[in-house]
$ cat protein25.txt   # compact mmCIF, C-alpha atoms
# COMPACT_ATOMS: atom_id res chain seq x y z
CA MET N 8 50.50 -15.71 -168.96
CA HIS N 9 53.81 -15.15 -167.13
CA ALA N 10 54.74 -12.29 -169.46
CA LYS N 11 51.36 -10.63 -168.85
CA ARG N 12 51.73 -10.94 -165.08
CA ILE N 13 55.27 -9.61 -165.16
CA PHE N 14 54.09 -6.63 -167.23
CA PHE N 15 51.39 -5.74 -164.67
CA ILE N 16 53.78 -6.27 -161.75
CA LEU N 17 56.21 -3.80 -163.33
CA LEU N 18 53.36 -1.40 -164.09
CA GLY N 19 52.29 -1.56 -160.45
CA CYS N 20 55.87 -1.02 -159.32
CA ALA N 21 56.12 2.07 -161.54
CA LEU N 22 52.97 3.55 -159.99
CA VAL N 23 54.18 2.81 -156.44
CA SER N 24 57.59 4.34 -157.12
CA PHE N 25 56.03 7.40 -158.77
CA GLY N 26 53.92 7.99 -155.67
CA LEU N 27 56.86 7.51 -153.33
CA VAL N 28 59.22 9.84 -155.19
CA TYR N 29 56.87 12.66 -156.20
CA PHE N 30 54.51 12.73 -153.23
CA ASN N 31 56.23 11.10 -150.24
CA MET N 32 59.87 12.01 -150.72
CA GLU N 33 59.15 15.46 -152.19
CA ASN N 34 56.86 16.37 -149.30
CA SER N 35 58.64 14.60 -146.42
CA LEU N 36 55.81 12.14 -145.90
CA ALA N 37 56.45 8.69 -144.49
CA ASP N 38 55.05 5.37 -145.64
CA GLY N 39 54.45 1.98 -144.16
CA GLY N 40 56.11 -1.37 -144.62
CA PHE N 41 59.62 -1.76 -145.90
CA THR N 42 59.31 1.29 -148.14
CA GLY N 43 58.58 3.25 -144.97
CA ILE N 44 61.80 1.93 -143.47
CA THR N 45 63.71 2.94 -146.61
CA LEU N 46 62.27 6.46 -146.25
CA ILE N 47 63.44 6.61 -142.63
CA LEU N 48 66.93 5.64 -143.80
CA TYR N 49 66.71 8.25 -146.56
CA PHE N 50 65.59 11.19 -144.43
CA VAL N 51 67.79 10.39 -141.43
CA TRP N 52 70.98 9.08 -143.07
CA SER N 53 70.49 9.98 -146.77
CA ILE N 54 70.62 6.34 -147.88
CA ASP N 55 69.17 5.87 -151.36
CA PRO N 56 65.82 3.99 -151.09
CA ALA N 57 66.56 2.18 -154.35
CA ILE N 58 69.50 0.48 -152.63
CA SER N 59 68.11 -0.01 -149.12
CA ASN N 60 64.94 -1.55 -150.57
CA ILE N 61 66.93 -4.42 -152.05
CA VAL N 62 69.10 -4.93 -148.96
CA LEU N 63 66.13 -4.99 -146.58
CA ASN N 64 64.24 -7.47 -148.75
CA ILE N 65 66.93 -10.14 -148.90
CA PRO N 66 65.43 -11.94 -145.84
CA MET N 67 62.01 -11.68 -147.51
CA PHE N 68 63.38 -13.44 -150.57
CA ILE N 69 64.23 -16.40 -148.35
CA LEU N 70 60.86 -16.33 -146.61
CA GLY N 71 59.01 -16.04 -149.91
CA TYR N 72 60.86 -19.00 -151.40
CA ARG N 73 60.42 -21.32 -148.43
CA ILE N 74 56.80 -20.52 -147.59
CA LEU N 75 55.12 -19.21 -150.72
CA GLY N 76 56.84 -21.35 -153.34
CA ARG N 77 58.99 -20.83 -156.39
CA THR N 78 56.55 -18.85 -158.53
CA LEU N 79 55.81 -16.20 -155.92
CA PHE N 80 59.52 -16.11 -155.10
CA VAL N 81 60.26 -15.13 -158.70
CA TYR N 82 57.44 -12.56 -158.72
CA THR N 83 58.74 -11.16 -155.43
CA ILE N 84 62.21 -10.67 -156.86
CA ILE N 85 60.73 -8.98 -159.92
CA GLY N 86 58.53 -6.76 -157.76
CA THR N 87 61.33 -5.77 -155.40
CA LEU N 88 63.80 -5.07 -158.20
CA GLY N 89 61.05 -3.24 -160.08
CA ILE N 90 60.44 -0.90 -157.14
CA SER N 91 64.16 -0.17 -156.81
CA LEU N 92 64.57 0.31 -160.56
CA PHE N 93 61.72 2.80 -160.86
CA LEU N 94 62.78 4.60 -157.67
CA TRP N 95 66.17 5.14 -159.27
CA ILE N 96 64.66 6.21 -162.61
CA PHE N 97 62.25 8.74 -161.11
CA GLN N 98 65.00 10.21 -158.92
CA GLU N 99 67.61 10.43 -161.65
CA PHE N 100 65.28 11.45 -164.50
CA PRO N 101 62.45 13.59 -163.08
CA VAL N 102 59.36 13.61 -165.30
CA ILE N 103 57.26 16.13 -163.40
CA TYR N 104 57.56 18.78 -160.70
CA LEU N 105 54.73 19.04 -158.18
CA PRO N 106 55.36 21.57 -155.39
CA LEU N 107 52.78 20.52 -152.82
CA GLN N 108 54.57 21.39 -149.57
CA ASP N 109 51.84 23.92 -148.80
CA ASP N 110 49.05 21.47 -149.58
CA LEU N 111 49.90 18.22 -147.84
CA ALA N 112 46.29 17.07 -148.12
CA LEU N 113 46.64 16.77 -151.89
CA ALA N 114 50.06 15.16 -151.52
CA ALA N 115 48.65 12.57 -149.09
CA LEU N 116 45.63 11.78 -151.26
CA PHE N 117 47.65 11.35 -154.45
CA SER N 118 50.28 9.34 -152.61
CA GLY N 119 47.59 6.96 -151.37
CA VAL N 120 45.97 6.67 -154.80
CA PHE N 121 49.20 5.96 -156.68
CA ILE N 122 50.69 3.60 -154.11
CA GLY N 123 47.37 1.83 -153.49
CA THR N 124 46.67 1.42 -157.20
CA GLY N 125 50.16 0.12 -157.85
CA LEU N 126 50.11 -2.39 -155.01
CA GLY N 127 46.55 -3.41 -155.88
CA ILE N 128 47.60 -4.24 -159.43
CA VAL N 129 50.60 -6.23 -158.21
CA PHE N 130 48.48 -8.19 -155.73
CA ARG N 131 45.72 -8.70 -158.30
CA VAL N 132 48.03 -10.66 -160.61
CA GLY N 133 49.51 -12.70 -157.76
CA GLY N 134 52.74 -10.80 -157.18
CA THR N 135 54.30 -8.86 -154.33
CA THR N 136 56.82 -6.05 -154.01
CA GLY N 137 58.54 -7.80 -151.11
CA GLY N 138 58.67 -6.78 -147.46
CA ALA N 139 55.33 -6.24 -145.78
CA ASP N 140 53.55 -7.35 -148.96
CA ILE N 141 54.63 -10.92 -148.21
CA ILE N 142 53.35 -10.63 -144.64
CA ALA N 143 50.02 -9.36 -145.99
CA LYS N 144 49.86 -12.13 -148.59
CA LEU N 145 50.56 -14.77 -145.91
CA GLY N 146 47.80 -13.31 -143.74
CA PHE N 147 45.39 -13.42 -146.67
CA LYS N 148 46.40 -16.96 -147.71
CA TYR N 149 46.35 -18.65 -144.30
CA PHE N 150 44.00 -16.51 -142.20
CA GLY N 151 41.75 -14.82 -144.76
CA LEU N 152 42.77 -11.37 -143.52
CA SER N 153 42.22 -8.40 -145.81
CA MET N 154 45.55 -7.54 -147.40
CA GLY N 155 44.81 -3.82 -147.19
CA ARG N 156 43.93 -4.08 -143.51
CA THR N 157 47.02 -6.14 -142.68
CA LEU N 158 49.23 -3.64 -144.47
CA PHE N 159 47.56 -0.81 -142.58
CA MET N 160 48.45 -2.42 -139.22
CA VAL N 161 52.05 -3.04 -140.26
CA ASP N 162 52.26 0.47 -141.66
CA ALA N 163 51.10 1.97 -138.37
CA VAL N 164 54.12 0.48 -136.57
CA VAL N 165 56.55 1.76 -139.19
CA ILE N 166 54.94 5.20 -139.28
CA ALA N 167 55.24 5.44 -135.50
CA SER N 168 58.96 4.82 -135.95
CA SER N 169 59.05 7.53 -138.62
CA LEU N 170 58.37 10.15 -135.95
CA VAL N 171 62.14 10.46 -135.68
CA TYR N 172 61.94 12.84 -138.66
CA LEU N 173 58.23 13.67 -139.01
CA ASP N 174 56.44 16.47 -137.25
CA TYR N 175 52.88 15.88 -136.05
CA ARG N 176 51.37 17.46 -139.19
CA GLN N 177 53.35 15.27 -141.57
CA ALA N 178 52.56 12.20 -139.47
CA MET N 179 48.83 12.86 -139.61
CA TYR N 180 48.88 13.34 -143.38
CA THR N 181 50.94 10.20 -143.73
CA LEU N 182 48.18 8.26 -141.96
CA VAL N 183 45.69 9.71 -144.43
CA ALA N 184 47.86 8.53 -147.34
CA VAL N 185 48.22 5.03 -145.89
CA PHE N 186 44.49 4.77 -145.19
CA VAL N 187 43.63 5.82 -148.75
CA ALA N 188 46.17 3.33 -150.12
CA ALA N 189 44.66 0.51 -148.02
CA ARG N 190 41.15 1.27 -149.30
CA VAL N 191 42.32 1.43 -152.92
CA ILE N 192 44.17 -1.89 -152.51
CA ASP N 193 41.03 -3.58 -151.19
CA PHE N 194 38.92 -2.08 -153.97
CA ILE N 195 41.24 -3.42 -156.67
CA GLN N 196 41.65 -6.76 -154.86
CA GLN N 197 37.89 -7.25 -154.68
CA GLY N 198 37.71 -6.91 -158.42
CA ALA N 199 36.69 -4.57 -161.16
CA TYR N 200 33.85 -6.94 -162.05
CA SER N 201 31.67 -6.15 -159.06
CA GLY N 202 27.92 -6.35 -159.25
CA LYS N 203 24.68 -7.04 -157.43
CA ALA N 204 23.17 -10.37 -156.40
CA ALA N 205 19.38 -10.70 -156.23
CA PHE N 206 17.28 -13.32 -154.41
CA ILE N 207 13.67 -13.32 -155.62
CA ILE N 208 10.87 -15.28 -153.95
CA SER N 209 7.75 -15.47 -156.08
CA GLU N 210 4.92 -17.70 -157.22
CA ASN N 211 6.01 -16.93 -160.78
CA THR N 212 9.76 -17.56 -160.71
CA GLY N 213 9.66 -19.19 -164.14
CA ALA N 214 8.08 -16.13 -165.73
CA ILE N 215 10.53 -13.81 -163.97
CA ALA N 216 13.48 -15.94 -165.06
CA ASP N 217 12.26 -15.87 -168.66
CA ALA N 218 11.82 -12.09 -168.51
CA ILE N 219 15.32 -11.62 -167.09
CA LEU N 220 16.76 -13.76 -169.87
CA MET N 221 14.79 -12.11 -172.69
CA GLU N 222 14.86 -8.48 -171.58
CA MET N 223 18.18 -8.27 -169.72
CA ASP N 224 20.15 -11.10 -171.35
CA ARG N 225 21.05 -12.41 -167.90
CA GLY N 226 20.87 -15.96 -166.63
CA ALA N 227 19.25 -17.03 -163.38
CA THR N 228 19.20 -20.09 -161.14
CA ILE N 229 16.05 -21.47 -159.52
CA LEU N 230 16.69 -22.78 -156.01
CA THR N 231 14.33 -24.64 -153.70
CA GLY N 232 13.52 -23.11 -150.32
CA ARG N 233 11.04 -23.57 -147.50
CA GLY N 234 9.27 -20.92 -145.49
CA SER N 235 10.15 -21.06 -141.79
CA PHE N 236 6.63 -20.00 -140.73
CA THR N 237 4.41 -21.88 -143.19
CA GLY N 238 6.73 -24.81 -143.83
CA LYS N 239 5.77 -24.66 -147.51
CA GLU N 240 8.35 -25.19 -150.21
CA LYS N 241 8.96 -22.25 -152.52
CA GLU N 242 11.18 -21.53 -155.47
CA VAL N 243 13.88 -18.90 -155.01
CA LEU N 244 15.40 -17.18 -158.02
CA TYR N 245 19.05 -16.17 -157.82
CA CYS N 246 20.76 -13.95 -160.38
CA VAL N 247 23.77 -11.65 -160.59
CA ILE N 248 23.56 -8.36 -162.48
CA ALA N 249 25.69 -5.31 -163.11
CA ARG N 250 25.32 -2.41 -160.68
CA ASN N 251 23.63 -0.20 -163.24
CA GLU N 252 20.96 -2.86 -163.89
CA THR N 253 19.48 -2.80 -160.38
CA VAL N 254 16.55 -0.48 -161.10
CA ARG N 255 15.80 -2.31 -164.34
CA LEU N 256 15.62 -5.65 -162.53
CA LYS N 257 13.33 -4.32 -159.80
CA ASN N 258 10.97 -2.82 -162.37
CA LEU N 259 10.94 -6.06 -164.34
CA VAL N 260 10.15 -8.16 -161.25
CA GLU N 261 7.43 -5.76 -160.11
CA LYS N 262 5.84 -5.83 -163.57
CA THR N 263 5.87 -9.64 -163.67
CA ASP N 264 4.81 -10.23 -160.06
CA PRO N 265 3.95 -7.20 -157.90
CA HIS N 266 3.88 -9.42 -154.81
CA ALA N 267 7.37 -10.86 -155.25
CA PHE N 268 9.85 -10.59 -152.37
CA ILE N 269 13.31 -9.45 -153.49
CA THR N 270 16.61 -8.74 -151.75
CA ILE N 271 19.63 -7.23 -153.47
CA SER N 272 23.15 -7.27 -152.05
CA ASN N 273 26.63 -6.29 -153.18
CA VAL N 274 28.90 -8.77 -154.94
CA GLN N 275 32.59 -8.01 -154.60
CA ASP N 276 33.83 -10.01 -157.56
CA VAL N 277 32.16 -11.76 -160.49
CA MET N 278 33.68 -14.19 -162.97
CA GLY N 279 31.94 -15.92 -165.83
CA GLU N 280 29.65 -15.32 -168.80
CA GLY N 281 28.29 -11.81 -169.06
CA PHE N 282 31.01 -10.36 -166.85
CA THR N 283 34.45 -11.72 -167.71
CA LEU N 284 33.41 -14.08 -170.55
CA ASP N 285 31.25 -13.57 -173.61
CA ASP N 286 28.50 -15.93 -174.78
CA LYS N 287 31.15 -18.09 -176.48
CA LYS N 288 33.04 -18.54 -173.21
CA GLN N 289 35.85 -16.31 -174.44
CA PRO N 290 37.44 -13.59 -172.26
CA LEU N 291 35.92 -10.17 -172.77
CA PRO N 292 38.33 -7.53 -174.14
$ encode --input "protein25.txt" --output "structure tokens"
Amino acid sequence: MHAKRIFFILLGCALVSFGLVYFNMENSLADGGFTGITLILYFVWSIDPAISNIVLNIPMFILGYRILGRTLFVYTIIGTLGISLFLWIFQEFPVIYLPLQDDLALAALFSGVFIGTGLGIVFRVGGTTGGADIIAKLGFKYFGLSMGRTLFMVDAVVIASSLVYLDYRQAMYTLVAVFVAARVIDFIQQGAYSGKAAFIISENTGAIADAILMEMDRGATILTGRGSFTGKEKEVLYCVIARNETVRLKNLVEKTDPHAFITISNVQDVMGEGFTLDDKKQPLP
């Protein structure tokens, strides 16, 4: 399990570093958090971000160890060193040339996608890349704050400081990149196994549940409810389905009981049989 997490942390670090080198540094865009500070040091004093990233994160190593525990401390070191390692690799051994100085919109979008995807992967497996990531993880752990939203607020402060080398156009595109990254982080954090949850109130919940099981191979739970107006007890059927099964479920319910009342809402993350486990309780490939 540790080897798998370390692999994904390093993969995320590679994506973040790729975005920073080929979209931010190549197009004079800023970034938020500690990487944003390293870019300020790079553009103003030509200090290598691979080095300044490690130096700036030393206090975060201490904070991560004392507050978040030994495991996250180790993952933080791996994430921080991973960012610095891949920053050095991509600077010393360029793998692609993307001249986007005349199209900062594309540069900002791809920066946000790469950095957001990388950070999302790191967060998803319980790691951090140091710096503001730890602040965001603390906010999520103790206050339930969205990690993407917390990072966006921290980033805004750093980006404001980046105006020492940014012009207004670069600053505006940087905000676009950071916003896209925050949305991508939240999307990955909320899970790839998203779906729809349905509440069905009917006089024929048993028949609907059987139909869902037989025709859709989905389970359902029968709950007991009571109407606020009539005071009568009723059965409420609850089931979770994939997004592409919504129309199929509605048609099935309507065919079984045309008078059924149904509500369908988004589910951000789903774990269990039919989504992350097969019928033998084994993880899906």
$ closest_residue --input "protein25.txt" --among "N:Ser24, N:Ala37, N:Gly134, N:Ala57" --to "Arg77 of chain N" --atoms "only C-alpha atoms"
N:Gly134
$ atom_distance --input "protein25.txt" --atom1 "atom CA of Arg225 of chain N" --atom2 "atom CA of Thr270 of chain N"
17.1 Å
$ residues_near_point --input "protein25.txt" --point "(23.5, -9.4, -167.5)" --cutoff "7 Å" --atoms "all atoms listed in the file" --output "ChimeraX atom specification"
/N:223-225,248-249,281
$ atom_distance --input "protein25.txt" --atom1 "atom CA of Leu79 of chain N" --atom2 "atom CA of Ile141 of chain N"
9.4 Å
$ closest_residue --input "protein25.txt" --among "N:Ala216, N:Gly19, N:Glu222, N:Glu210" --to "Lys239 of chain N" --atoms "all atoms listed in the file"
N:Glu210
$ closest_residue --input "protein25.txt" --among "N:Cys20, N:Asn34, N:Ile192, N:Leu46" --to "Ser91 of chain N" --atoms "only C-alpha atoms"
N:Cys20
$ build_atoms --input "protein25.txt" --residues "segment 50-82 of chain N" --atoms "N, CA and C atoms" --output "PDB file, in the coordinates of the input"
ATOM      1  N   PHE N  50      65.707   9.871-145.055  1.00  0.00           N
ATOM      2  CA  PHE N  50      65.590  11.190-144.430  1.00  0.00           C
ATOM      3  C   PHE N  50      66.546  11.367-143.260  1.00  0.00           C
ATOM      4  N   VAL N  51      66.898  10.279-142.589  1.00  0.00           N
ATOM      5  CA  VAL N  51      67.790  10.390-141.430  1.00  0.00           C
ATOM      6  C   VAL N  51      69.253  10.274-141.818  1.00  0.00           C
ATOM      7  N   TRP N  52      69.576   9.319-142.712  1.00  0.00           N
ATOM      8  CA  TRP N  52      70.980   9.080-143.070  1.00  0.00           C
ATOM      9  C   TRP N  52      71.270   9.244-144.556  1.00  0.00           C
ATOM     10  N   SER N  53      70.305   9.723-145.334  1.00  0.00           N
ATOM     11  CA  SER N  53      70.490   9.980-146.770  1.00  0.00           C
ATOM     12  C   SER N  53      70.887   8.742-147.563  1.00  0.00           C
ATOM     13  N   ILE N  54      70.377   7.590-147.152  1.00  0.00           N
ATOM     14  CA  ILE N  54      70.620   6.340-147.880  1.00  0.00           C
ATOM     15  C   ILE N  54      69.588   6.215-148.995  1.00  0.00           C
ATOM     16  N   ASP N  55      70.052   5.961-150.198  1.00  0.00           N
ATOM     17  CA  ASP N  55      69.170   5.870-151.360  1.00  0.00           C
ATOM     18  C   ASP N  55      68.157   4.733-151.174  1.00  0.00           C
ATOM     19  N   PRO N  56      66.837   5.034-151.242  1.00  0.00           N
ATOM     20  CA  PRO N  56      65.820   3.990-151.090  1.00  0.00           C
ATOM     21  C   PRO N  56      65.924   2.884-152.124  1.00  0.00           C
ATOM     22  N   ALA N  57      66.419   3.198-153.310  1.00  0.00           N
ATOM     23  CA  ALA N  57      66.560   2.180-154.350  1.00  0.00           C
ATOM     24  C   ALA N  57      67.524   1.081-153.915  1.00  0.00           C
ATOM     25  N   ILE N  58      68.520   1.454-153.110  1.00  0.00           N
ATOM     26  CA  ILE N  58      69.500   0.480-152.630  1.00  0.00           C
ATOM     27  C   ILE N  58      68.999  -0.211-151.354  1.00  0.00           C
ATOM     28  N   SER N  59      68.543   0.572-150.392  1.00  0.00           N
ATOM     29  CA  SER N  59      68.110  -0.010-149.120  1.00  0.00           C
ATOM     30  C   SER N  59      66.916  -0.933-149.310  1.00  0.00           C
ATOM     31  N   ASN N  60      66.088  -0.681-150.306  1.00  0.00           N
ATOM     32  CA  ASN N  60      64.940  -1.550-150.570  1.00  0.00           C
ATOM     33  C   ASN N  60      65.377  -2.962-150.895  1.00  0.00           C
ATOM     34  N   ILE N  61      66.416  -3.090-151.694  1.00  0.00           N
ATOM     35  CA  ILE N  61      66.930  -4.420-152.050  1.00  0.00           C
ATOM     36  C   ILE N  61      67.566  -5.096-150.846  1.00  0.00           C
ATOM     37  N   VAL N  62      68.394  -4.351-150.112  1.00  0.00           N
ATOM     38  CA  VAL N  62      69.100  -4.930-148.960  1.00  0.00           C
ATOM     39  C   VAL N  62      68.111  -5.418-147.900  1.00  0.00           C
ATOM     40  N   LEU N  63      67.099  -4.612-147.600  1.00  0.00           N
ATOM     41  CA  LEU N  63      66.130  -4.990-146.580  1.00  0.00           C
ATOM     42  C   LEU N  63      65.277  -6.196-146.982  1.00  0.00           C
ATOM     43  N   ASN N  64      65.122  -6.408-148.273  1.00  0.00           N
ATOM     44  CA  ASN N  64      64.240  -7.470-148.750  1.00  0.00           C
ATOM     45  C   ASN N  64      64.929  -8.809-148.943  1.00  0.00           C
ATOM     46  N   ILE N  65      66.230  -8.858-148.756  1.00  0.00           N
ATOM     47  CA  ILE N  65      66.930 -10.140-148.900  1.00  0.00           C
ATOM     48  C   ILE N  65      66.339 -11.215-147.982  1.00  0.00           C
ATOM     49  N   PRO N  66      66.081 -10.914-146.681  1.00  0.00           N
ATOM     50  CA  PRO N  66      65.430 -11.940-145.840  1.00  0.00           C
ATOM     51  C   PRO N  66      64.041 -12.319-146.355  1.00  0.00           C
ATOM     52  N   MET N  67      63.333 -11.381-146.967  1.00  0.00           N
ATOM     53  CA  MET N  67      62.010 -11.680-147.510  1.00  0.00           C
ATOM     54  C   MET N  67      62.092 -12.598-148.714  1.00  0.00           C
ATOM     55  N   PHE N  68      63.188 -12.516-149.469  1.00  0.00           N
ATOM     56  CA  PHE N  68      63.380 -13.440-150.570  1.00  0.00           C
ATOM     57  C   PHE N  68      63.412 -14.877-150.044  1.00  0.00           C
ATOM     58  N   ILE N  69      64.125 -15.061-148.946  1.00  0.00           N
ATOM     59  CA  ILE N  69      64.230 -16.400-148.350  1.00  0.00           C
ATOM     60  C   ILE N  69      62.873 -16.876-147.848  1.00  0.00           C
ATOM     61  N   LEU N  70      62.174 -15.983-147.141  1.00  0.00           N
ATOM     62  CA  LEU N  70      60.860 -16.330-146.610  1.00  0.00           C
ATOM     63  C   LEU N  70      59.878 -16.633-147.747  1.00  0.00           C
ATOM     64  N   GLY N  71      59.916 -15.819-148.785  1.00  0.00           N
ATOM     65  CA  GLY N  71      59.010 -16.040-149.910  1.00  0.00           C
ATOM     66  C   GLY N  71      59.266 -17.347-150.606  1.00  0.00           C
ATOM     67  N   TYR N  72      60.527 -17.745-150.720  1.00  0.00           N
ATOM     68  CA  TYR N  72      60.860 -19.000-151.400  1.00  0.00           C
ATOM     69  C   TYR N  72      60.431 -20.206-150.569  1.00  0.00           C
ATOM     70  N   ARG N  73      60.680 -20.152-149.273  1.00  0.00           N
ATOM     71  CA  ARG N  73      60.420 -21.320-148.430  1.00  0.00           C
ATOM     72  C   ARG N  73      58.938 -21.507-148.113  1.00  0.00           C
ATOM     73  N   ILE N  74      58.194 -20.422-148.015  1.00  0.00           N
ATOM     74  CA  ILE N  74      56.800 -20.520-147.590  1.00  0.00           C
ATOM     75  C   ILE N  74      55.824 -20.406-148.747  1.00  0.00           C
ATOM     76  N   LEU N  75      56.092 -19.494-149.669  1.00  0.00           N
ATOM     77  CA  LEU N  75      55.120 -19.210-150.720  1.00  0.00           C
ATOM     78  C   LEU N  75      55.433 -19.894-152.051  1.00  0.00           C
ATOM     79  N   GLY N  76      56.557 -20.584-152.133  1.00  0.00           N
ATOM     80  CA  GLY N  76      56.840 -21.350-153.340  1.00  0.00           C
ATOM     81  C   GLY N  76      57.663 -20.597-154.374  1.00  0.00           C
ATOM     82  N   ARG N  77      58.061 -21.347-155.391  1.00  0.00           N
ATOM     83  CA  ARG N  77      58.990 -20.830-156.390  1.00  0.00           C
ATOM     84  C   ARG N  77      58.402 -19.695-157.223  1.00  0.00           C
ATOM     85  N   THR N  78      57.141 -19.854-157.650  1.00  0.00           N
ATOM     86  CA  THR N  78      56.550 -18.850-158.530  1.00  0.00           C
ATOM     87  C   THR N  78      56.459 -17.489-157.852  1.00  0.00           C
ATOM     88  N   LEU N  79      55.916 -17.467-156.638  1.00  0.00           N
ATOM     89  CA  LEU N  79      55.810 -16.200-155.920  1.00  0.00           C
ATOM     90  C   LEU N  79      57.189 -15.650-155.578  1.00  0.00           C
ATOM     91  N   PHE N  80      58.141 -16.542-155.360  1.00  0.00           N
ATOM     92  CA  PHE N  80      59.520 -16.110-155.100  1.00  0.00           C
ATOM     93  C   PHE N  80      60.048 -15.321-156.287  1.00  0.00           C
ATOM     94  N   VAL N  81      59.809 -15.828-157.495  1.00  0.00           N
ATOM     95  CA  VAL N  81      60.260 -15.130-158.700  1.00  0.00           C
ATOM     96  C   VAL N  81      59.537 -13.798-158.837  1.00  0.00           C
ATOM     97  N   TYR N  82      58.208 -13.810-158.623  1.00  0.00           N
ATOM     98  CA  TYR N  82      57.440 -12.560-158.720  1.00  0.00           C
ATOM     99  C   TYR N  82      57.884 -11.549-157.662  1.00  0.00           C
TER     100      TYR N  82
END
